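S.K.: A single structure is presented below for examination.
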Amino acid sequence: MEILEYARPRSMDEAFRLIRERHGTAIGGAAWLRTNTKTMALGVDLAGLGLEYIREAGERIEIGAMTTYRELETSQLLKARFGPLFEATVSHVVGIQLRNIITVGGTVAGRYGFSDLNTTLCALGAKAVFYPGQTVDLADFIEKGAETPFLLEKILLPASMKASYQQMRISENDFPIINTASAWTGSDWRIAVGSRPAATRLCKKAMSLLGDDPYPSDEKIVAAAHAATDELQFGSDIRASASYRRETLHVLIRRALMEVRG
Ligand SMILES: Cc1cc2nc3c(=O)[nH]c(=O)nc-3n(C[C@H](O)[C@H](O)[C@H](O)COP(=O)(O)OP(=O)(O)OC[C@H]3O[C@@H](n4cnc5c(N)ncnc54)[C@H](O)[C@@H]3O)c2cc1C
């Protein structure tokens, strides 16, 4: 990665203007950006904007775009509200050194197919807040992206939720070959699946099949796993075939739903 001009804005306004008007590239942890060999005309480093936080805000929890995976993994607030969910989601990502660098903002903005975190965020019904104040459903953003250059400011989560993250990797620290997260919102179920190897999608048919019953039977859970694997598309790549992904996912969805149901 070569950066021809580097800017470190002091305000969100300035960062947004550089991205929107001068086509600057936002720099989060730069762990992913530096893996490509492109030349960046203008790099806009978001490090000085105070976007590193995990905090309560009324009925929600806010996570700033520059929050690192290690901060998610070790946050006592997230642990108190979601149990070991965030630790389970990010702890397989390479090593602590990398998790100290990579950011929530770079992950959501990138909409990567292999993402562990985006699957959990979609299952929780997270919202993405774009500066200067547009809030969108994060699962919608992962599916459709944005039409114009954007600056992601933070993620909004519900105050707490019972949820489970499950993944399969051929070897620890590699990308997942399939992953899923399930959550009981208090009134309905949410199921998200990522690394198909395409990006995370919600399993809407499986979610509606489970309905509003917090304690679905084992049979209903198996039926939901079938519905999810039927409604999604899977692909083959160097890590796994589409059919291997589909078979594995069936087991992971059952595990996740049973863990949340208890
Ligand atoms: C070696 C390696 C292994 C990895 N393995 C895994 C894995 O197993 N599982 C997994 O889930 N992930 C994995 N990742 C990806 C990682 O989790 C992050 O998703 C990725 O590195 C992006 O985060 P970043 O902070 O590095 O973003 P950057 O590299 O800084 O940015 C990535 C993109 O997001 C844009 N961007 C960044 N912040 C913002 C913002 N606030 N607003 C708008 N746009 C923004 C940038 O312009 C760029 O296009 C891996 C990454 C690396 C480098």
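By convention in this document, the chains of the structure tokens carry letters A, B, ... by their order, each chain's residues are numbered from 1, and ligands are numbered from 1 in the order they are shown.
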Using only C-alpha atoms and all ligand atoms, which protein or nucleic acid residues are at most 6 Å from ligand 1, as a VMD selection string?

M.R.: chain A and resid 25 to 33 65 93 to 94 102 to 103 105 to 107 109 to 110 114 to 117 150 to 153 173 to 175

S.K.: Write a file of the just-selected residues containing N, CA and C atoms, as a tab-separated table (two decimals), in the first residue's frame.

M.R.:
```tsv
chain	number	residue	atom	x	y	z
A	25	THR	N	-9.50	7.97	1.34
A	25	THR	CA	-9.80	6.61	1.83
A	25	THR	C	-9.66	6.60	3.34
A	26	ALA	N	-10.73	6.21	4.04
A	26	ALA	CA	-10.67	6.13	5.50
A	26	ALA	C	-9.66	5.05	5.89
A	27	ILE	N	-8.88	5.34	6.92
A	27	ILE	CA	-7.93	4.36	7.45
A	27	ILE	C	-8.35	4.02	8.87
A	28	GLY	N	-8.73	2.73	9.06
A	28	GLY	CA	-9.07	2.26	10.41
A	28	GLY	C	-7.80	1.70	11.04
A	29	GLY	N	-7.76	0.39	11.23
A	29	GLY	CA	-6.53	-0.24	11.74
A	29	GLY	C	-5.48	-0.41	10.65
A	30	ALA	N	-5.91	-0.29	9.39
A	30	ALA	CA	-5.06	-0.44	8.20
A	30	ALA	C	-4.50	-1.85	8.03
A	31	ALA	N	-4.98	-2.80	8.82
A	31	ALA	CA	-4.47	-4.17	8.70
A	31	ALA	C	-4.88	-4.78	7.36
A	32	TRP	N	-6.10	-4.50	6.95
A	32	TRP	CA	-6.56	-5.04	5.67
A	32	TRP	C	-6.07	-4.19	4.52
A	33	LEU	N	-6.14	-2.88	4.67
A	33	LEU	CA	-5.70	-1.98	3.60
A	33	LEU	C	-4.27	-2.30	3.19
A	65	ALA	N	-16.29	3.36	15.92
A	65	ALA	CA	-15.73	2.69	14.74
A	65	ALA	C	-14.27	2.28	14.92
A	93	VAL	N	-9.56	-14.79	15.48
A	93	VAL	CA	-8.97	-13.98	14.41
A	93	VAL	C	-7.47	-13.78	14.69
A	94	VAL	N	-6.66	-14.55	14.00
A	94	VAL	CA	-5.20	-14.52	14.03
A	94	VAL	C	-4.65	-14.52	15.46
A	102	ILE	N	-6.95	-4.30	14.49
A	102	ILE	CA	-8.11	-4.27	13.57
A	102	ILE	C	-9.34	-3.67	14.26
A	103	THR	N	-10.13	-2.96	13.46
A	103	THR	CA	-11.20	-2.16	14.02
A	103	THR	C	-12.59	-2.66	13.58
A	105	GLY	N	-14.93	-0.57	12.70
A	105	GLY	CA	-15.31	0.24	11.54
A	105	GLY	C	-14.79	-0.34	10.23
A	106	GLY	N	-13.50	-0.77	10.24
A	106	GLY	CA	-12.91	-1.35	9.03
A	106	GLY	C	-13.61	-2.64	8.64
A	107	THR	N	-14.10	-3.36	9.63
A	107	THR	CA	-14.78	-4.64	9.38
A	107	THR	C	-16.15	-4.42	8.77
A	109	ALA	N	-17.31	-1.62	7.35
A	109	ALA	CA	-17.17	-0.90	6.07
A	109	ALA	C	-16.76	-1.86	4.96
A	110	GLY	N	-15.87	-2.82	5.28
A	110	GLY	CA	-15.35	-3.72	4.26
A	110	GLY	C	-16.34	-4.77	3.79
A	114	PHE	N	-15.72	-13.25	4.63
A	114	PHE	CA	-15.21	-14.15	5.67
A	114	PHE	C	-15.44	-13.64	7.09
A	115	SER	N	-16.10	-12.51	7.23
A	115	SER	CA	-16.13	-11.86	8.55
A	115	SER	C	-16.83	-12.68	9.63
A	116	ASP	N	-16.16	-12.82	10.76
A	116	ASP	CA	-16.79	-13.41	11.95
A	116	ASP	C	-17.69	-12.37	12.61
A	117	LEU	N	-17.14	-11.16	12.79
A	117	LEU	CA	-17.86	-10.16	13.58
A	117	LEU	C	-19.17	-9.71	12.92
A	150	PHE	N	-18.54	7.08	2.41
A	150	PHE	CA	-19.17	7.26	3.73
A	150	PHE	C	-18.11	7.23	4.83
A	151	LEU	N	-18.52	7.73	5.99
A	151	LEU	CA	-17.70	7.68	7.20
A	151	LEU	C	-18.55	7.00	8.28
A	152	LEU	N	-18.16	5.80	8.63
A	152	LEU	CA	-18.88	5.07	9.68
A	152	LEU	C	-18.42	5.59	11.03
A	153	GLU	N	-19.38	6.01	11.85
A	153	GLU	CA	-19.02	6.58	13.15
A	153	GLU	C	-19.10	5.55	14.27
A	173	ASN	N	-7.00	-19.74	13.33
A	173	ASN	CA	-6.37	-18.54	12.75
A	173	ASN	C	-6.57	-18.38	11.24
A	174	ASP	N	-7.10	-19.41	10.56
A	174	ASP	CA	-7.45	-19.23	9.15
A	174	ASP	C	-8.82	-18.55	9.11
A	175	PHE	N	-9.27	-18.15	7.92
A	175	PHE	CA	-10.63	-17.64	7.80
A	175	PHE	C	-11.62	-18.76	8.11
```

S.K.: If you count only C-alpha atoms, which residues fall within 9 Å of A:Asp213, apart from same-chain ones fewer than 2 positions away, as a PyMOL selection string?

M.R.: chain A and resi 187-189+210-211+215-216

S.K.: Quick one: pick out all strand (DSSP E) residues within stretch 82-160 of chain A from a backbone DSSP run and write them as an MDAnalysis selection string.

M.R.: chainID A and resid 127:130 134:137 152:158

S.K.: Take the residues from that selection and write them out as an mmCIF file, in the first residue's frame, keeping N, CA and C atoms.

M.R.:
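The new file result.cif reads:
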```cif
data_model
loop_
_atom_site.group_PDB
_atom_site.id
_atom_site.type_symbol
_atom_site.label_atom_id
_atom_site.label_comp_id
_atom_site.auth_asym_id
_atom_site.auth_seq_id
_atom_site.Cartn_x
_atom_site.Cartn_y
_atom_site.Cartn_z
ATOM 1 N N LYS A 127 -27.312 -1.662 14.487
ATOM 2 C CA LYS A 127 -27.477 -0.540 13.540
ATOM 3 C C LYS A 127 -26.104 0.075 13.285
ATOM 4 N N ALA A 128 -25.931 0.592 12.087
ATOM 5 C CA ALA A 128 -24.688 1.302 11.758
ATOM 6 C C ALA A 128 -25.012 2.787 11.652
ATOM 7 N N VAL A 129 -24.205 3.611 12.324
ATOM 8 C CA VAL A 129 -24.437 5.060 12.290
ATOM 9 C C VAL A 129 -23.350 5.708 11.433
ATOM 10 N N PHE A 130 -23.776 6.360 10.359
ATOM 11 C CA PHE A 130 -22.856 7.034 9.451
ATOM 12 C C PHE A 130 -22.886 8.524 9.735
ATOM 13 N N GLN A 134 -26.776 9.353 9.880
ATOM 14 C CA GLN A 134 -27.711 8.463 9.210
ATOM 15 C C GLN A 134 -27.583 7.084 9.859
ATOM 16 N N THR A 135 -28.682 6.577 10.387
ATOM 17 C CA THR A 135 -28.656 5.268 11.045
ATOM 18 C C THR A 135 -29.351 4.248 10.163
ATOM 19 N N VAL A 136 -28.655 3.145 9.871
ATOM 20 C CA VAL A 136 -29.249 2.111 9.006
ATOM 21 C C VAL A 136 -29.095 0.752 9.670
ATOM 22 N N ASP A 137 -29.940 -0.175 9.237
ATOM 23 C CA ASP A 137 -29.832 -1.542 9.708
ATOM 24 C C ASP A 137 -28.521 -2.137 9.175
ATOM 25 N N LEU A 152 -18.160 5.796 8.628
ATOM 26 C CA LEU A 152 -18.884 5.069 9.679
ATOM 27 C C LEU A 152 -18.425 5.593 11.032
ATOM 28 N N GLU A 153 -19.384 6.013 11.850
ATOM 29 C CA GLU A 153 -19.023 6.582 13.148
ATOM 30 C C GLU A 153 -19.095 5.547 14.274
ATOM 31 N N LYS A 154 -20.194 4.790 14.321
ATOM 32 C CA LYS A 154 -20.360 3.839 15.429
ATOM 33 C C LYS A 154 -21.399 2.787 15.089
ATOM 34 N N ILE A 155 -21.461 1.786 15.960
ATOM 35 C CA ILE A 155 -22.435 0.708 15.860
ATOM 36 C C ILE A 155 -23.325 0.792 17.099
ATOM 37 N N LEU A 156 -24.605 0.555 16.910
ATOM 38 C CA LEU A 156 -25.529 0.516 18.054
ATOM 39 C C LEU A 156 -25.992 -0.921 18.261
ATOM 40 N N LEU A 157 -25.926 -1.366 19.522
ATOM 41 C CA LEU A 157 -26.406 -2.706 19.865
ATOM 42 C C LEU A 157 -27.560 -2.586 20.844
ATOM 43 N N PRO A 158 -28.428 -3.593 20.904
ATOM 44 C CA PRO A 158 -29.420 -3.601 21.986
ATOM 45 C C PRO A 158 -28.690 -3.704 23.333
#
```

S.K.: Just the residues within 9 Å of A:Leu78, please, counting only C-alpha atoms, with nothing from its chain fewer than 6 positions along; format it as a PyMOL selection string.

M.R.: chain A and resi 54+61+72+84-86+160

S.K.: Could you please take those selected residues and save N, CA and C atoms as a PDB file, in the first residue's frame?

M.R.:
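The new file selection_33.pdb reads:
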```
ATOM      1  N   ILE A  54     -16.656   1.691  24.056  1.00  0.00           N
ATOM      2  CA  ILE A  54     -17.792   0.776  24.184  1.00  0.00           C
ATOM      3  C   ILE A  54     -18.543   1.302  25.389  1.00  0.00           C
ATOM      4  N   ILE A  61     -26.159   0.003  23.513  1.00  0.00           N
ATOM      5  CA  ILE A  61     -24.709   0.061  23.714  1.00  0.00           C
ATOM      6  C   ILE A  61     -24.102   0.591  22.421  1.00  0.00           C
ATOM      7  N   LEU A  72     -13.202  -5.422  22.130  1.00  0.00           N
ATOM      8  CA  LEU A  72     -14.470  -6.180  22.166  1.00  0.00           C
ATOM      9  C   LEU A  72     -14.316  -7.439  23.018  1.00  0.00           C
ATOM     10  N   PRO A  84     -20.280 -14.680  26.833  1.00  0.00           N
ATOM     11  CA  PRO A  84     -19.000 -14.823  26.115  1.00  0.00           C
ATOM     12  C   PRO A  84     -19.108 -14.609  24.605  1.00  0.00           C
ATOM     13  N   LEU A  85     -20.226 -14.027  24.138  1.00  0.00           N
ATOM     14  CA  LEU A  85     -20.496 -13.916  22.694  1.00  0.00           C
ATOM     15  C   LEU A  85     -19.371 -13.234  21.911  1.00  0.00           C
ATOM     16  N   PHE A  86     -18.931 -12.068  22.369  1.00  0.00           N
ATOM     17  CA  PHE A  86     -17.933 -11.323  21.577  1.00  0.00           C
ATOM     18  C   PHE A  86     -16.561 -11.998  21.631  1.00  0.00           C
ATOM     19  N   SER A 160     -28.942  -5.717  25.829  1.00  0.00           N
ATOM     20  CA  SER A 160     -28.477  -7.074  26.145  1.00  0.00           C
ATOM     21  C   SER A 160     -29.254  -8.060  25.285  1.00  0.00           C
TER      22      SER A 160
END
```

S.K.: For A:Val104, which residue among A:Met66, A:Val251, A:Leu77, A:Ala256 is the nearest when counting only C-alpha atoms?

M.R.: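 With only C-alpha atoms as the atom set, the closest residue is A:Met66.
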
S.K.: Can you work out the spacing between atom CA of A:Ile253 and atom CA of A:Lys144 in Å, to one decimal?

M.R.: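 The value is 24.3 Å.
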
S.K.: Separation of atom CA of A:Ser208 and atom CA of A:Glu231, in Å?

M.R.: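 Distance reported for this atom pair: 12.3 Å.
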
S.K.: Quick one: everything within 8 Å of A:Cys203, counting only C-alpha atoms, minus sequence neighbours fewer than 6 positions away in the same chain. Send it as a list in words.

M.R.: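 Everything that qualifies: Arg190, Ile191, Ala192, Val193, Ala228, Glu231 and Leu232 of chain A.
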